[in-house]
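K.L.:
What follows is the file model24.csv, containing CSV, C-alpha atoms:
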chain,number,residue,atom,x,y,z
Z,29,MET,CA,0.0,0.0,0.0
Z,30,ASP,CA,1.5,3.4,-0.9
Z,31,LYS,CA,1.7,6.2,1.6
Z,32,ASN,CA,-1.1,8.3,0.1
Z,33,MET,CA,-3.5,5.3,0.4
Z,34,GLN,CA,-2.4,4.6,3.9
Z,35,ASP,CA,-2.9,8.2,4.9
Z,36,GLU,CA,-6.4,8.2,3.5
Z,37,LEU,CA,-7.2,5.2,5.6
Z,38,LYS,CA,-5.8,6.8,8.7
Z,39,LYS,CA,-7.9,9.9,8.0
Z,40,GLU,CA,-11.0,7.7,7.8
Z,41,ALA,CA,-10.2,5.9,11.1
Z,42,ALA,CA,-9.4,9.2,12.8
Z,43,LYS,CA,-12.8,10.6,11.7
Z,44,VAL,CA,-14.6,7.6,13.3
Z,45,ALA,CA,-12.8,8.4,16.6
Z,46,ALA,CA,-13.4,12.1,16.3
Z,47,ASP,CA,-17.1,11.6,15.8
Z,48,LYS,CA,-17.2,9.8,19.2
Z,49,VAL,CA,-16.0,12.8,21.1
Z,50,GLN,CA,-18.9,14.4,23.1
Z,51,ALA,CA,-19.1,18.1,23.5
Z,52,GLY,CA,-18.4,19.3,27.0
Z,53,SER,CA,-16.3,16.2,27.9
Z,54,VAL,CA,-12.8,15.9,29.2
Z,55,LEU,CA,-10.7,14.5,26.4
Z,56,GLY,CA,-7.2,12.9,26.4
Z,57,VAL,CA,-5.2,13.1,23.2
Z,58,GLY,CA,-2.2,11.0,22.3
Z,59,THR,CA,0.3,11.5,19.6
Z,60,GLY,CA,1.4,10.0,16.3
Z,61,SER,CA,0.5,10.2,12.6
Z,62,THR,CA,-3.1,8.9,12.9
Z,63,VAL,CA,-3.8,11.1,16.0
Z,64,LYS,CA,-2.6,14.1,14.0
Z,65,PHE,CA,-5.5,13.4,11.6
Z,66,PHE,CA,-7.8,13.0,14.6
Z,67,ILE,CA,-6.9,16.5,15.8
Z,68,ASP,CA,-7.6,17.9,12.4
Z,69,TRP,CA,-11.1,16.4,12.5
Z,70,LEU,CA,-11.6,17.9,16.0
Z,71,GLY,CA,-10.6,21.2,14.5
Z,72,GLU,CA,-13.1,20.8,11.7
Z,73,ARG,CA,-15.9,19.9,14.2
Z,74,LYS,CA,-14.9,23.1,16.2
Z,75,GLU,CA,-15.2,25.2,13.1
Z,76,LYS,CA,-18.5,23.7,11.8
Z,77,GLU,CA,-20.3,22.7,15.0
Z,78,GLY,CA,-18.7,25.0,17.6
Z,79,LEU,CA,-17.4,21.9,19.4
Z,80,THR,CA,-16.3,22.9,22.9
Z,81,LEU,CA,-14.6,20.6,25.5
Z,82,LYS,CA,-14.4,21.0,29.3
Z,83,HIS,CA,-10.8,20.1,29.4
Z,84,ILE,CA,-8.2,18.6,27.0
Z,85,VAL,CA,-5.0,16.9,28.2
Z,86,THR,CA,-2.4,15.5,25.8
Z,87,THR,CA,0.7,13.3,25.9
Z,88,SER,CA,3.0,15.3,23.7
Z,89,SER,CA,4.1,18.9,23.0
Z,90,ARG,CA,3.4,18.3,19.3
Z,91,SER,CA,-0.2,17.4,19.9
Z,92,LYS,CA,-0.6,20.3,22.3
Z,93,LYS,CA,0.7,22.7,19.7
Z,94,GLN,CA,-1.6,21.4,17.0
Z,95,LEU,CA,-4.6,21.5,19.3
Z,96,GLU,CA,-3.8,25.1,20.3
Z,97,SER,CA,-3.6,26.0,16.7
Z,98,TYR,CA,-7.3,25.2,16.4
Z,99,GLY,CA,-8.1,27.3,19.4
Z,100,PHE,CA,-8.4,24.5,22.0
Z,101,LYS,CA,-7.0,25.1,25.5
Z,102,VAL,CA,-4.8,22.3,26.7
Z,103,ASP,CA,-4.5,21.6,30.5
Z,104,GLU,CA,-2.2,19.4,32.5
Z,105,LEU,CA,-3.4,16.0,33.8
Z,106,ALA,CA,-3.1,17.2,37.3
Z,107,ASP,CA,-5.7,19.9,36.6
Z,108,VAL,CA,-8.5,17.4,35.9
Z,109,ASP,CA,-10.2,14.8,38.1
Z,110,GLU,CA,-10.8,12.2,35.4
Z,111,VAL,CA,-10.7,12.0,31.7
Z,112,ASP,CA,-13.8,10.8,29.9
Z,113,LEU,CA,-12.2,9.6,26.7
Z,114,THR,CA,-8.6,9.2,25.5
Z,115,VAL,CA,-7.8,8.7,21.9
Z,116,ASP,CA,-4.2,7.5,21.1
Z,117,GLY,CA,-2.3,5.3,18.8
Z,118,ALA,CA,-0.4,2.0,19.6
Z,119,ASP,CA,2.8,0.4,18.3
Z,120,ARG,CA,1.2,-3.1,18.5
Z,121,VAL,CA,-2.2,-4.4,19.6
Z,122,ASP,CA,-3.1,-8.0,20.1
Z,123,SER,CA,-6.4,-10.0,19.9
Z,124,GLN,CA,-7.2,-9.2,23.5
Z,125,LEU,CA,-6.7,-5.5,23.0
Z,126,ASN,CA,-3.5,-5.4,24.9
Z,127,GLY,CA,-0.8,-3.2,23.5
Z,128,ILE,CA,2.8,-2.1,23.3
Z,129,LYS,CA,3.3,1.7,23.4
Z,130,GLY,CA,6.3,4.0,23.8
Z,131,GLY,CA,7.8,4.1,20.3
Z,132,GLY,CA,7.8,7.9,20.8
Z,133,ALA,CA,9.3,7.6,24.3
Z,134,ALA,CA,6.2,9.2,25.9
Z,135,LEU,CA,5.0,5.9,27.6
Z,136,THR,CA,5.0,7.3,31.2
Z,137,LEU,CA,2.6,10.2,30.5
Z,138,GLU,CA,0.6,8.1,28.0
Z,139,LYS,CA,0.0,5.4,30.7
Z,140,ASN,CA,-0.8,8.0,33.3
Z,141,VAL,CA,-3.4,9.6,31.1
Z,142,ALA,CA,-4.8,6.2,30.0
Z,143,VAL,CA,-5.3,4.7,33.5
Z,144,ASN,CA,-7.1,7.9,34.5
Z,145,SER,CA,-9.6,7.7,31.6
Z,146,LYS,CA,-13.0,6.2,31.7
Z,147,LYS,CA,-12.6,4.9,28.1
Z,148,ASN,CA,-9.6,4.4,25.9
Z,149,ILE,CA,-9.7,4.2,22.1
Z,150,TRP,CA,-6.7,3.4,20.0
Z,151,ILE,CA,-6.5,4.2,16.3
Z,152,VAL,CA,-4.1,2.0,14.3
Z,153,ASP,CA,-3.5,0.8,10.8
Z,154,GLU,CA,-3.7,-2.9,10.0
Z,155,SER,CA,0.1,-3.5,10.3
Z,156,LYS,CA,-0.1,-2.8,14.0
Z,157,VAL,CA,-2.5,-5.6,14.7
Z,158,VAL,CA,-1.1,-9.0,15.8
Z,159,ASP,CA,-2.3,-12.2,17.4
Z,160,HIS,CA,0.3,-12.0,20.2
Z,161,LEU,CA,2.4,-9.0,21.1
Z,162,SER,CA,5.4,-9.2,18.9
Z,163,GLY,CA,7.4,-7.4,16.2
Z,164,PHE,CA,8.2,-4.3,18.2
Z,165,LYS,CA,10.8,-3.7,21.0
Z,166,LEU,CA,9.3,-3.2,24.4
Z,167,PRO,CA,10.2,0.3,25.8
Z,168,VAL,CA,11.1,0.5,29.5
Z,169,GLU,CA,11.8,3.9,31.0
Z,170,VAL,CA,14.5,3.8,33.7
Z,171,LEU,CA,16.2,6.2,36.1
Z,172,PRO,CA,19.6,7.4,35.0
Z,173,VAL,CA,21.1,6.8,38.5
Z,174,SER,CA,20.7,3.0,38.3
Z,175,CYS,CA,20.3,2.5,34.6
Z,176,MET,CA,23.4,0.2,34.3
Z,177,GLN,CA,22.3,-2.0,37.2
Z,178,VAL,CA,18.8,-2.3,35.7
Z,179,LYS,CA,20.3,-3.1,32.3
Z,180,LYS,CA,22.4,-5.9,33.8
Z,181,ARG,CA,19.4,-7.3,35.7
Z,182,LEU,CA,17.3,-7.4,32.5
Z,183,GLU,CA,20.2,-9.0,30.6
Z,184,LYS,CA,20.4,-11.8,33.2
Z,185,GLU,CA,16.6,-12.4,32.5
Z,186,GLY,CA,17.3,-12.8,28.8
Z,187,LEU,CA,15.3,-9.7,27.9
Z,188,ASN,CA,18.0,-8.3,25.6
Z,189,PRO,CA,17.9,-4.6,26.7
Z,190,GLU,CA,19.4,-1.9,24.6
Z,191,PHE,CA,19.6,1.8,25.4
Z,192,ARG,CA,17.6,3.9,22.9
Z,193,MET,CA,20.0,6.4,21.4
Z,194,ASP,CA,19.7,10.0,20.2
Z,195,GLY,CA,22.7,10.2,17.9
Z,196,ASN,CA,25.8,9.2,20.0
Z,197,LYS,CA,24.1,9.8,23.4
Z,198,LYS,CA,21.3,8.1,25.3
Z,199,LEU,CA,17.9,9.4,24.4
Z,200,THR,CA,16.4,11.4,27.3
Z,201,THR,CA,12.6,11.4,28.0
Z,202,HIS,CA,10.4,14.3,28.9
Z,203,TYR,CA,11.1,13.4,32.6
Z,204,GLY,CA,14.9,13.2,32.1
Z,205,ASN,CA,15.1,9.4,32.2
Z,206,TYR,CA,16.5,6.9,29.7
Z,207,ILE,CA,14.7,4.2,27.6
Z,208,LEU,CA,15.8,0.5,27.5
Z,209,ASP,CA,14.2,-1.3,24.6
Z,210,LEU,CA,13.7,-5.0,25.2
Z,211,ASN,CA,14.2,-7.2,22.2
Z,212,ILE,CA,11.8,-10.1,22.9
Z,213,SER,CA,9.4,-11.3,20.2
Z,214,PRO,CA,6.8,-12.6,20.8
Z,215,ILE,CA,6.3,-11.7,24.4
Z,216,PRO,CA,5.4,-15.1,25.9
Z,217,VAL,CA,3.5,-14.0,29.1
Z,218,PRO,CA,2.8,-10.2,28.9
Z,219,ASN,CA,1.2,-10.1,32.4
Z,220,GLY,CA,4.1,-11.9,34.0
Z,221,LEU,CA,6.6,-9.6,32.4
Z,222,ALA,CA,4.6,-6.5,33.4
Z,223,ASP,CA,4.5,-7.7,37.0
Z,224,TYR,CA,8.3,-8.3,36.9
Z,225,LEU,CA,9.0,-4.9,35.5
Z,226,ASP,CA,6.6,-3.2,38.0
Z,227,ARG,CA,8.6,-4.8,40.8
Z,228,THR,CA,12.0,-3.8,39.4
Z,229,VAL,CA,13.6,-0.9,41.3
Z,230,GLY,CA,14.8,1.7,38.9
Z,231,VAL,CA,12.1,1.1,36.3
Z,232,VAL,CA,9.9,4.1,36.1
Z,233,GLU,CA,7.4,2.7,33.6
Z,234,HIS,CA,7.1,0.1,30.8
Z,235,GLY,CA,5.3,0.0,27.5
Z,236,LEU,CA,3.0,-2.9,28.2
Z,237,PHE,CA,-0.6,-1.5,28.2
Z,238,LEU,CA,-2.6,-4.4,29.5
Z,239,GLY,CA,-6.4,-4.3,30.1
Z,240,ILE,CA,-6.4,-0.6,29.4
Z,241,CYS,CA,-7.8,-0.3,25.8
Z,242,ASP,CA,-11.6,-0.5,25.4
Z,243,GLU,CA,-11.8,-0.1,21.6
Z,244,VAL,CA,-9.5,-0.3,18.6
Z,245,ILE,CA,-10.3,1.4,15.3
Z,246,VAL,CA,-8.4,-0.3,12.6
Z,247,ALA,CA,-7.7,1.2,9.1
Z,248,LYS,CA,-7.5,-2.0,6.9
Z,249,SER,CA,-5.6,-2.4,3.7
Z,250,ASN,CA,-8.7,-3.4,1.8
Z,251,GLY,CA,-10.1,0.2,2.4
Z,252,THR,CA,-12.4,-0.6,5.2
Z,253,ILE,CA,-12.5,0.5,8.8
Z,254,GLN,CA,-12.9,-2.1,11.6
Z,255,GLU,CA,-14.0,-1.3,15.1
Z,256,ILE,CA,-13.0,-3.9,17.7
Z,257,LYS,CA,-14.4,-3.5,21.2
Z,258,ARG,CA,-13.4,-5.3,24.4
As structure tokens, what does this structure read like?

P.N.:
Amino acid sequence: MDKNMQDELKKEAAKVAADKVQAGSVLGVGTGSTVKFFIDWLGERKEKEGLTLKHIVTTSSRSKKQLESYGFKVDELADVDEVDLTVDGADRVDSQLNGIKGGGAALTLEKNVAVNSKKNIWIVDESKVVDHLSGFKLPVEVLPVSCMQVKKRLEKEGLNPEFRMDGNKKLTTHYGNYILDLNISPIPVPNGLADYLDRTVGVVEHGLFLGICDEVIVAKSNGTIQEIKR
């Protein structure tokens, strides 16, 4: 599929998600190429319908800037009690609607917004959908102070960690931490790995999003849009 066709499908999937946003609600907005189209559709609804939202929180400065260009006011997550709906992308999503996220290194904020949302919708293209979580390195955000010790611990577990690099230096997240990408595919027991990482001192957050997503909107290569609900 060429890029123009893929973009058209992403636009259609993004419109389906944008039409689900209720006026006056608290909205969470993620990041990525498909979410960019979602924001464009929100801007169109604002222009044509006068769409207003009680609050908007976002997981990236890029999405924040785009939303503000349409006249939306963007707040911090700490400023709201709860998010009604969050729309985001995913790097992989399996048949149980579990996912891997963090390809853009924003996993910590993404998960904080997601777990404080009543409903989560992911917009993806068909290439991101798999039977079992695989085909994408699992991001793990770690504290710099103990990053080498954590890396050694993960190596002993056979998780094949590699620092994500930004040129010739370690990539630094929004919170000043580093990312270790785990090269394991497929992930045999996602819940077990999530529990292990949650208990590992020095790990800030990981990119396993389990039991969080409520609905996935899939742009398929045959030109159709599929909605999969939990």

K.L.:
Distance table requested - region 99-136 of chain Z against region 223-235 of chain Z, cut-off 8 Å, only C-alpha atoms: one row per qualifying residue with the closest atom pair and its distance in Å to one decimal, ordered by chain and rising residue number, as a tab-separated table.

P.N.:
residue	atom	partner	partner_atom	distance
Z:Gly127	CA	Z:Gly235	CA	8.0
Z:Ile128	CA	Z:Gly235	CA	5.3
Z:Lys129	CA	Z:Gly235	CA	4.9
Z:Gly130	CA	Z:Gly235	CA	5.5
Z:Leu135	CA	Z:Gly235	CA	5.9
Z:Thr136	CA	Z:Glu233	CA	5.7

K.L.:
Just give me the gap between CA of Ser89 (chain Z) and CA of Asp116 (chain Z) in Å, one decimal is fine.

P.N.:
14.2 Å

K.L.:
Could you jot down the CA of Thr252 (chain Z) to CA of Arg73 (chain Z) separation for me, Å, one decimal place?

P.N.:
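The value is 22.7 Å.
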
K.L.:
Could you state the separation of CA of Val111 (chain Z) and CA of Val57 (chain Z) in Å, given to one decimal place?

P.N.:
10.2 Å

K.L.:
Looking at Z:Leu236, Z:Ala46, Z:Ala51, Z:Leu81, which one is nearest to Ser162 (chain Z), with distances taken over only C-alpha atoms?

P.N.:
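With only C-alpha atoms as the atom set, the closest residue is Z:Leu236.
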
K.L.:
Within 12 Å of region 181-205 of chain Z, which residues of region 63-176 of chain Z show up? Give each one with its shortest atom-to-atom distance in Å (one decimal) and the two atoms involved, counting all atoms listed in the file, rows by chain then rising residue number, as a Markdown table.

P.N.:
| residue | atom | partner | partner_atom | distance |
| --- | --- | --- | --- | --- |
| Z:Thr87 | CA | Z:His202 | CA | 10.2 |
| Z:Ser88 | CA | Z:His202 | CA | 9.1 |
| Z:Ser89 | CA | Z:His202 | CA | 9.8 |
| Z:Gly130 | CA | Z:Thr201 | CA | 10.6 |
| Z:Gly131 | CA | Z:Arg192 | CA | 10.1 |
| Z:Gly132 | CA | Z:Thr201 | CA | 9.3 |
| Z:Ala133 | CA | Z:Thr201 | CA | 6.2 |
| Z:Ala134 | CA | Z:Thr201 | CA | 7.1 |
| Z:Leu135 | CA | Z:Thr201 | CA | 9.4 |
| Z:Thr136 | CA | Z:Tyr203 | CA | 8.7 |
| Z:Leu137 | CA | Z:His202 | CA | 9.0 |
| Z:Glu138 | CA | Z:His202 | CA | 11.6 |
| Z:Lys165 | CA | Z:Pro189 | CA | 9.1 |
| Z:Leu166 | CA | Z:Pro189 | CA | 9.0 |
| Z:Pro167 | CA | Z:Arg192 | CA | 8.7 |
| Z:Val168 | CA | Z:Pro189 | CA | 8.9 |
| Z:Glu169 | CA | Z:Asn205 | CA | 6.5 |
| Z:Val170 | CA | Z:Asn205 | CA | 5.8 |
| Z:Leu171 | CA | Z:Asn205 | CA | 5.2 |
| Z:Pro172 | CA | Z:Asn205 | CA | 5.7 |
| Z:Val173 | CA | Z:Asn205 | CA | 9.1 |
| Z:Ser174 | CA | Z:Asn205 | CA | 10.5 |
| Z:Cys175 | CA | Z:Asn205 | CA | 9.0 |
| Z:Met176 | CA | Z:Arg181 | CA | 8.6 |

K.L.:
Smallest atom-to-atom distance to Val54 (chain Z): which of Z:Lys39, Z:Glu77, Z:Asp107, Z:Leu221, using all atoms listed in the file?

P.N.:
Z:Asp107

K.L.:
Go through Z:Gly251, Z:Gly52, Z:Gly60, Z:Gly239 and flag the residue nearest Lys147 (chain Z), using only C-alpha atoms for the distances.

P.N.:
Z:Gly239

K.L.:
Write out as a PDB file with C-alpha atoms, in the coordinates of the input each polymer residue whose atoms come within 9 Å of Pro214 (chain Z), counting all atoms listed in the file; drop sequence neighbours fewer than 5 positions from it.

P.N.:
ATOM      1  CA  HIS Z 160       0.300 -12.000  20.200  1.00  0.00           C
ATOM      2  CA  LEU Z 161       2.400  -9.000  21.100  1.00  0.00           C
ATOM      3  CA  SER Z 162       5.400  -9.200  18.900  1.00  0.00           C
ATOM      4  CA  GLY Z 163       7.400  -7.400  16.200  1.00  0.00           C
ATOM      5  CA  PHE Z 164       8.200  -4.300  18.200  1.00  0.00           C
TER       6      PHE Z 164
END

K.L.:
Measuring between all atoms listed in the file, which one of Z:Thr86, Z:Lys92, Z:Ala106, Z:Gly99 shows the shortest distance to Glu72 (chain Z)?

P.N.:
Z:Gly99

K.L.:
Just want the 10 Å neighbourhood of Gln94 (chain Z), counted on all atoms listed in the file, with same-chain residues fewer than 5 positions away dropped. Output as a PyMOL selection string.

P.N.:
chain Z and resi 64+67-68+71+89+99-100

K.L.:
Taking into account all atoms listed in the file, which residue in the set Z:Gln34, Z:Thr114, Z:Ser97, Z:Ser123 is nearest to Leu55 (chain Z)?

P.N.:
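Smallest separation from Leu55 (chain Z) among the options: Z:Thr114.
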
K.L.:
From the list Z:Asp122, Z:Asp153, Z:Val246, Z:Ser61, which residue is nearest Val44 (chain Z) when using only C-alpha atoms?

P.N.:
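Of Z:Asp122, Z:Asp153, Z:Val246, Z:Ser61, the one nearest Val44 (chain Z) is Z:Val246, counting only C-alpha atoms.
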
K.L.:
Can you list, as number ranges by chain, every protein, DNA or RNA residue that comes within 10 Å of Glu75 (chain Z) when you count all atoms listed in the file, leaving out same-chain residues fewer than 5 positions away?

P.N.:
Z: 69-70, 98-99

K.L.:
Taking 6 positions as the minimum chain separation for residues in the same chain, which residues sit within 12 Å of Ile240 (chain Z) when counting only C-alpha atoms? Answer as a list in words.

P.N.:
Thr114, Asp116, Ala118, Val121, Gln124, Leu125, Asn126, Gly127, Ile128, Lys129, Glu138, Lys139, Asn140, Val141, Ala142, Val143, Asn144, Ser145, Lys146, Lys147, Asn148, Ile149, Trp150, Lys257 and Arg258 of chain Z

K.L.:
Residues at most 9 Å from Lys101 (chain Z), counting all atoms listed in the file, excluding those fewer than 5 positions away in the same chain, as a list of chain:residue names?

P.N.:
Z:Leu81, Z:His83, Z:Ile84, Z:Val85, Z:Lys92, Z:Leu95, Z:Glu96

K.L.:
Write the residues of the preceding selection, restricted to C-alpha atoms, as a PDB file, in the coordinates of the input.

P.N.:
ATOM      1  CA  LEU Z  81     -14.600  20.600  25.500  1.00  0.00           C
ATOM      2  CA  HIS Z  83     -10.800  20.100  29.400  1.00  0.00           C
ATOM      3  CA  ILE Z  84      -8.200  18.600  27.000  1.00  0.00           C
ATOM      4  CA  VAL Z  85      -5.000  16.900  28.200  1.00  0.00           C
ATOM      5  CA  LYS Z  92      -0.600  20.300  22.300  1.00  0.00           C
ATOM      6  CA  LEU Z  95      -4.600  21.500  19.300  1.00  0.00           C
ATOM      7  CA  GLU Z  96      -3.800  25.100  20.300  1.00  0.00           C
TER       8      GLU Z  96
END
